[in-house]
Amino acid sequence: MGEFWTATDRIADWIVKTPLVSVMMPAFNAGSTVERALSSLVAQTFQGWEVILVDDGSTDDTWERALRVEDRRIRRIRWRQNRGRGAARRFALRQSEGSFVCMLDADDWYYPWKLECQLESLESEPDAVLISSAMASVSDSGELVGVWRNPALSGEDVLAPQLRSLLELSFPHAPCMIRSGNAKAFGYHAGLRRAEEYHHLALVLKDHRYLVSGRVLYAYTEAGSYAKEGSGPRYLWSALASALLIG
């Protein structure tokens, strides 16, 4: 029995020291949801992950609630002032150690098989720089509102051709898994508080192919996000991101 537990502890140490997947989690005033987001990682069928949680100057109890989820794979950083999502993602990406990187906002969550499914897909398609999936849209109370999915896709993965135009960038950023080397080649624009994901994906995908899956692997609290930000600010940040790409 003692040998069994010793072996298990060594496996746990290996998982912590050599994560295959790094998850970036920016968090701002997410006290009511951050535990759920972290718990969805702990529940993954694939366990070789780390998460870099950046508390971006929260004024609520986000930090205290994040500490409640005890797991050595959770790396927590606390900023005193809010710097914006672009800066938080950029910092987390630089700190990541995995061969693949994923995103998980502090008010969203993963389906339990998310990491396992995407790893298998990318390993089977070495030419793909990333994979995105369908995404459930949920209310603040967790009720299903709809599903973001390309109507041409079923549950199968599709290897898409290179983008000819940014207008073809029609899949969501949040569920993506990206090869770390490609993601770090560009990073996120620290000056963008919104639409930093659009800007980053456009740079990563240039001259590369990618996978898109019709499987629902990510739950996104769209209603809450729109209530906090509004459509006007989102449009303005998207316009700025597009201008930066053109320039």
# chains A, B, ... in the order shown; residues from 1 in each chain; ligands from 1

$ select_by_dssp --residues "segment 101-187 of chain A" --states "alpha helix (DSSP H)" --output "list of chain:residue names"
A:Lys114, A:Leu115, A:Glu116, A:Cys117, A:Gln118, A:Leu119, A:Glu120, A:Ser121, A:Leu122, A:Glu123, A:Ser124, A:Ser180, A:Gly181, A:Asn182, A:Ala183, A:Lys184

$ residues_around --residues "Gln44 of chain A" --least-positions-apart "4" --cutoff "9 Å" --atoms "only C-alpha atoms" --output "NGL selection string"
:A and (39-40 or 110-116)

$ write_last_selection --atoms "C-alpha atoms" --output "PDB file, in the first residue's frame"
ATOM      1  CA  SER A  39     -13.469  23.222 -10.708  1.00  0.00           C
ATOM      2  CA  SER A  40     -14.207  22.460 -14.367  1.00  0.00           C
ATOM      3  CA  TYR A 110     -15.106  23.514 -19.677  1.00  0.00           C
ATOM      4  CA  TYR A 111     -16.953  20.312 -20.416  1.00  0.00           C
ATOM      5  CA  PRO A 112     -15.001  17.471 -18.703  1.00  0.00           C
ATOM      6  CA  TRP A 113     -13.553  15.996 -21.914  1.00  0.00           C
ATOM      7  CA  LYS A 114     -12.512  19.310 -23.500  1.00  0.00           C
ATOM      8  CA  LEU A 115      -8.727  19.023 -23.151  1.00  0.00           C
ATOM      9  CA  GLU A 116      -8.599  15.323 -23.985  1.00  0.00           C
TER      10      GLU A 116
END

$ select_by_dssp --residues "segment 21-56 of chain A" --states "strand (DSSP E or B)" --output "NGL selection string"
:A and (21-27 or 49-56)

$ write_last_selection --atoms "C-alpha atoms" --output "short mmCIF file (atom, residue, chain, number, x, y, z; two decimals), in the first residue's frame"
data_model
loop_
_atom_site.label_atom_id
_atom_site.label_comp_id
_atom_site.auth_asym_id
_atom_site.auth_seq_id
_atom_site.Cartn_x
_atom_site.Cartn_y
_atom_site.Cartn_z
CA VAL A 21 -1.45 22.10 -21.51
CA SER A 22 -1.36 25.61 -20.05
CA VAL A 23 -4.68 27.38 -19.46
CA MET A 24 -4.80 31.19 -19.28
CA MET A 25 -7.48 32.60 -16.99
CA PRO A 26 -7.90 36.39 -16.71
CA ALA A 27 -10.26 37.26 -13.86
CA TRP A 49 -2.52 20.77 -17.17
CA GLU A 50 -1.63 23.98 -15.37
CA VAL A 51 -3.65 27.19 -15.10
CA ILE A 52 -2.25 30.69 -14.80
CA LEU A 53 -4.93 32.77 -13.12
CA VAL A 54 -4.40 36.54 -13.26
CA ASP A 55 -6.63 38.48 -10.88
CA ASP A 56 -6.71 41.73 -12.84
#

$ residues_around --residues "Gly31 of chain A" --least-positions-apart "5" --cutoff "8 Å" --atoms "only C-alpha atoms" --output "PyMOL selection string"
chain A and resi 60-63+65-66

$ write_last_selection --atoms "all heavy atoms" --output "tab-separated table (two decimals), in the first residue's frame"
chain	number	residue	atom	x	y	z
A	60	ASP	N	-13.78	42.76	-5.81
A	60	ASP	CA	-14.66	41.89	-5.05
A	60	ASP	C	-13.83	40.78	-4.40
A	60	ASP	O	-12.63	40.94	-4.18
A	60	ASP	CB	-15.78	41.34	-5.94
A	60	ASP	CG	-15.26	40.41	-7.03
A	60	ASP	OD1	-14.02	40.26	-7.16
A	60	ASP	OD2	-16.09	39.81	-7.74
A	61	ASP	N	-14.42	39.63	-4.15
A	61	ASP	CA	-13.73	38.54	-3.45
A	61	ASP	C	-13.20	37.48	-4.42
A	61	ASP	O	-13.07	36.31	-4.05
A	61	ASP	CB	-14.65	37.89	-2.43
A	61	ASP	CG	-15.94	37.33	-3.04
A	61	ASP	OD1	-16.20	37.62	-4.23
A	61	ASP	OD2	-16.67	36.61	-2.35
A	62	THR	N	-12.87	37.87	-5.66
A	62	THR	CA	-12.35	36.92	-6.63
A	62	THR	C	-11.13	36.18	-6.09
A	62	THR	O	-11.04	34.95	-6.20
A	62	THR	CB	-11.96	37.65	-7.94
A	62	THR	OG1	-13.13	38.19	-8.54
A	62	THR	CG2	-11.29	36.70	-8.92
A	63	TRP	N	-10.18	36.89	-5.53
A	63	TRP	CA	-8.94	36.28	-5.04
A	63	TRP	C	-9.21	35.26	-3.93
A	63	TRP	O	-8.70	34.13	-3.96
A	63	TRP	CB	-7.99	37.36	-4.54
A	63	TRP	CG	-6.66	36.83	-4.08
A	63	TRP	CD1	-6.23	36.71	-2.79
A	63	TRP	CD2	-5.59	36.35	-4.91
A	63	TRP	NE1	-4.95	36.19	-2.76
A	63	TRP	CE2	-4.54	35.96	-4.04
A	63	TRP	CE3	-5.43	36.21	-6.28
A	63	TRP	CZ2	-3.33	35.44	-4.52
A	63	TRP	CZ3	-4.23	35.70	-6.77
A	63	TRP	CH2	-3.20	35.32	-5.88
A	65	ARG	N	-11.96	33.65	-3.25
A	65	ARG	CA	-12.69	32.47	-3.75
A	65	ARG	C	-11.80	31.58	-4.61
A	65	ARG	O	-11.95	30.36	-4.61
A	65	ARG	CB	-13.93	32.92	-4.53
A	65	ARG	CG	-15.03	33.47	-3.63
A	65	ARG	CD	-16.26	33.84	-4.41
A	65	ARG	NE	-17.34	34.27	-3.55
A	65	ARG	CZ	-18.27	33.47	-3.02
A	65	ARG	NH1	-18.21	32.16	-3.27
A	65	ARG	NH2	-19.21	33.95	-2.25
A	66	ALA	N	-10.87	32.18	-5.36
A	66	ALA	CA	-9.94	31.37	-6.15
A	66	ALA	C	-9.05	30.51	-5.25
A	66	ALA	O	-8.69	29.40	-5.62
A	66	ALA	CB	-9.09	32.27	-7.03

$ closest_residue --among "A:Pro161, A:Pro19, A:Pro175, A:Gly86" --to "Met135 of chain A" --atoms "only C-alpha atoms"
A:Pro175

$ closest_residue --among "A:Ser180, A:Ser213, A:Thr18, A:Ser58" --to "Ala106 of chain A" --atoms "only C-alpha atoms"
A:Ser58

$ residues_around --residues "Tyr220 of chain A" --least-positions-apart "2" --cutoff "8 Å" --atoms "only C-alpha atoms" --output "PyMOL selection string"
chain A and resi 107-109+135-138+218+222

$ closest_residue --among "A:Asp127, A:Leu211, A:Glu35, A:Arg78" --to "Thr59 of chain A" --atoms "only C-alpha atoms"
A:Arg78

$ closest_residue --among "A:Leu163, A:Ala219, A:Val212, A:Ala30" --to "Ser139 of chain A" --atoms "only C-alpha atoms"
A:Ala219
